[in-house]
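Participant: Below are the structure tokens for one structure; questions will follow.
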Amino acid sequence: MLETATRSKKSAAPKPAPHERFLEAFRWMLLARTLEEKLVSLYRGGLITGGVYVGRGQEAVSVACGLFLQKGDIFAPLIRDQAGRSAFGEPLLDVTRTYLGSRQGPMRGRDGNIHRGRPRNNQLAMISHLGAMVSVTVGALMAKRFHGEKNFVGLSCIGEGGMQTGSFHEGMNIAAIEQVPLVVVATNNHYAYSTPNDREFACHDLVDRAIGYGFEGYTVDGTDLTDCLDMIGSAVKRARAGRPPQLVVASVLRLSGHGEHDDASYVTDEIKRQPFARDCLKLAEQTIVDVNLLDAATLREWRKDAAAQVDQAISTAQKEAAPEADEEDWCAISTRDLVDPLE
């Protein structure tokens with residue numbers, strides 16, 4: 001018995017070293033978690049109108065989506081992608097101004113708090129999380145191609161529920177036909193609102209659809225930050241190099257309700273015990289401790305810094321005025337040739 005145990009220990013493969021951008025990514029994850037915990041508190045205190053939808057448990061996938069994009073690339077994040085939005089360059093003030101209804105925010109306080117974006121900076125404002133943004137991203141990439149631009153990619157996020165919609169299938173089809181440099185990152189968080197996977201799709205694995213669309217497909221452990229950085233970063237490189245469109249499917253568990261109005265009582269205890277139910281932020285921090293990437297004092301300072309940034313952004317937004325419908329011109333910015341008078 002002792003001999004067998006010794007052989008097993010020797011044959012175990014060593015854990016891979018953390019990705020070279022691990023700490024950078026972790027810091028964005030920490031900022032996103034800190035921000036969203038504060039937004040939840042404001043929502044429960046009655047200070048936010050509308051819903052609050054957080055990405056708790058999905059930050060590792062999300063941050064990898066925003067981290068590897070370059071100037072000129074297109075990013076279409078969804079409602080649980082705060083970590084990726086921040087890594088792509090979205091200011092915290094854009095977030096707090098939108099949630100708190102400030103007229104100084106990117107949506108001027110005139111839209112739901114999850115639809116913010118800055119299209120002029122290539123962060124698309126979300127139309128819907130139900131598949132629509134794949135086609136929009138494809139269209140933006142084709143426009144860049146028509147204008148003769150080079151060396152760009154687009155990354156569109158989707159949940160496994162959104163993968164079952166007609167608009168998603170149409171977007172994937174045209175992306176493959178036109179061979180645009182697109183990466184689609186699908187986060188299977190195991191529930192489309194309260195609908196479990198076995199009532200959403202019948203295929204063995206969602207990545208199996210890639211070959212049917214004409215994509216290259218890959219899977220990733222969405223709880224493992226290094227795995228997410230390696231796989232999604234590689235997919236972006238392949239798309240930029242001219243390979244077919246890329247589909248990356250990540251497996252996680254949504255560690256909250258669909259929104260803060262939802263207690264997630266439908267999530268079974270069995271699901272909560274699965275490996276994909278781990279908290280990616282806690283795992284990333286444990287990796288930092290295990291391999292001594294940072295000392296405890298530095299981690300504490302990073303937490304304090306994240307909290308300070310969030311508090312400052314919220315304080316600023318709370319002091320700003322809401323829009324006044326009887327005094328403002330509410331026409332769409334497209335009627336002004338995309339001119340934004342506040343920039």
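We name chains A, B, ... following the order of the structure tokens; residues begin at 1 in each chain, and ligands are numbered from 1 as shown.
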Set the distance at 9 Å and use only C-alpha atoms: which residues neighbour Gly222 of chain A once local chain neighbours fewer than 5 positions away are removed? I'd like the list as a list in words.

Facilitator: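 Neighbouring residues, sequence-local ones excluded: Gly57, Gln58, Glu59, Ala60, Val61, Thr187, Asn188, Asp227, Cys228, Val249, Ala250, Ser251, Val252, Leu253, Phe276 and Cys280 of chain A.
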
Participant: Mind checking which residues fall within 12 Å of segment 179-181 of chain A, counting only C-alpha atoms, ignoring those fewer than 3 positions away in the same chain, and posting them as JSON, numbers by chain?

Facilitator: {"A": [73, 74, 134, 135, 137, 138, 139, 140, 141, 142, 143, 144, 145, 146, 150, 151, 152, 153, 154, 155, 156, 171, 172, 173, 174, 175, 176, 184, 213, 214, 215, 216, 235, 236, 237, 238, 239, 240, 241, 242, 243, 244, 245, 246, 247]}

Participant: Those residues with C-alpha atoms, as a CSV table (one decimal), in the first residue's frame please?

Facilitator:
chain,number,residue,atom,x,y,z
A,73,ASP,CA,-10.4,45.6,-31.1
A,74,ILE,CA,-14.1,45.2,-30.6
A,134,VAL,CA,-22.8,38.2,-31.7
A,135,SER,CA,-24.3,39.6,-34.9
A,137,THR,CA,-19.9,42.2,-33.2
A,138,VAL,CA,-19.7,40.5,-36.6
A,139,GLY,CA,-21.1,43.6,-38.3
A,140,ALA,CA,-18.6,45.8,-36.6
A,141,LEU,CA,-15.8,43.6,-37.7
A,142,MET,CA,-17.0,43.5,-41.3
A,143,ALA,CA,-17.2,47.4,-41.2
A,144,LYS,CA,-13.6,47.5,-40.1
A,145,ARG,CA,-12.6,45.2,-42.9
A,146,PHE,CA,-14.5,47.3,-45.5
A,150,LYS,CA,-5.9,45.3,-40.3
A,151,ASN,CA,-4.8,43.3,-37.2
A,152,PHE,CA,-8.1,43.6,-35.3
A,153,VAL,CA,-10.3,41.0,-33.5
A,154,GLY,CA,-13.7,41.1,-31.9
A,155,LEU,CA,-14.8,39.2,-28.7
A,156,SER,CA,-18.4,38.7,-27.9
A,171,GLY,CA,-24.6,35.4,-35.7
A,172,MET,CA,-22.4,32.4,-35.5
A,173,ASN,CA,-23.3,31.3,-39.0
A,174,ILE,CA,-22.5,34.6,-40.7
A,175,ALA,CA,-19.3,34.9,-38.7
A,176,ALA,CA,-18.0,31.6,-40.1
A,184,VAL,CA,-17.1,34.0,-28.8
A,213,TYR,CA,-20.8,26.3,-37.2
A,214,GLY,CA,-17.3,26.3,-38.8
A,215,PHE,CA,-15.6,27.5,-35.6
A,216,GLU,CA,-12.6,26.1,-33.8
A,235,ALA,CA,-8.1,32.1,-28.9
A,236,VAL,CA,-7.6,35.8,-29.4
A,237,LYS,CA,-4.1,35.2,-30.9
A,238,ARG,CA,-5.5,32.5,-33.3
A,239,ALA,CA,-8.3,34.8,-34.4
A,240,ARG,CA,-5.9,37.7,-35.0
A,241,ALA,CA,-3.6,35.4,-37.0
A,242,GLY,CA,-6.4,34.6,-39.5
A,243,ARG,CA,-7.6,31.3,-38.1
A,244,PRO,CA,-11.3,30.5,-38.3
A,245,PRO,CA,-13.6,32.1,-35.7
A,246,GLN,CA,-13.1,30.7,-32.2
A,247,LEU,CA,-15.6,29.4,-29.6

Participant: Using only C-alpha atoms, can you tell me which of A:Gly259, A:Glu320, A:Arg118, A:Thr287 comes closest to Arg44 of chain A?

Facilitator: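 Going through A:Gly259, A:Glu320, A:Arg118, A:Thr287 one by one, the smallest distance to Arg44 of chain A is for A:Gly259.
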
Participant: Taking 5 positions as the minimum chain separation for residues in the same chain, which residues sit within 9 Å of Leu92 of chain A when counting only C-alpha atoms? Answer as a ChimeraX atom specification.

Facilitator: /A:35,86,97,309-310,313-314

Participant: Selected residues, C-alpha atoms, written as a PDB file, in the first residue's frame, please.

Facilitator:
ATOM      1  CA  LEU A  35     -17.587  47.097  -6.867  1.00  0.00           C
ATOM      2  CA  SER A  86     -12.587  46.998 -16.307  1.00  0.00           C
ATOM      3  CA  ARG A  97     -22.937  56.891 -12.974  1.00  0.00           C
ATOM      4  CA  GLN A 309     -11.565  53.380  -5.854  1.00  0.00           C
ATOM      5  CA  VAL A 310     -15.127  52.088  -5.581  1.00  0.00           C
ATOM      6  CA  ALA A 313     -16.600  56.520  -7.896  1.00  0.00           C
ATOM      7  CA  ILE A 314     -19.850  56.081  -5.991  1.00  0.00           C
TER       8      ILE A 314
END

Participant: Can you tell me which residues surround Val207 of chain A at a distance of at most 7 Å, considering only C-alpha atoms, apart from same-chain residues fewer than 6 positions away, and format the answer as a PyMOL selection string?

Facilitator: chain A and resi 217-219+249

Participant: Quick one: of A:Gly233, A:Thr195, A:Ala186, A:Met29, who's nearest to Ala210 of chain A, counting only C-alpha atoms?

Facilitator: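 For Ala210 of chain A, the nearest of the candidates is A:Ala186.
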
Participant: With distances taken over only C-alpha atoms, which residue among A:Glu328, A:Gln312, A:Arg110, A:Asn122 lies nearest Thr96 of chain A?

Facilitator: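 Answer, going by the shortest atom-to-atom distance: A:Gln312.
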
Participant: Would you mind telling me which residue in A:Met126, A:Ala325, A:Gly72, A:Leu39 lies nearest to Glu149 of chain A when using only C-alpha atoms?

Facilitator: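 Looking only at the distances to Glu149 of chain A, the closest residue turns out to be A:Gly72.
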
Participant: Which of these residues is nearest to Ala284 of chain A, using only C-alpha atoms: A:Glu324, A:His115, A:Asp224, A:Trp302?

Facilitator: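 Among the listed residues, A:Asp224 lies closest to Ala284 of chain A.
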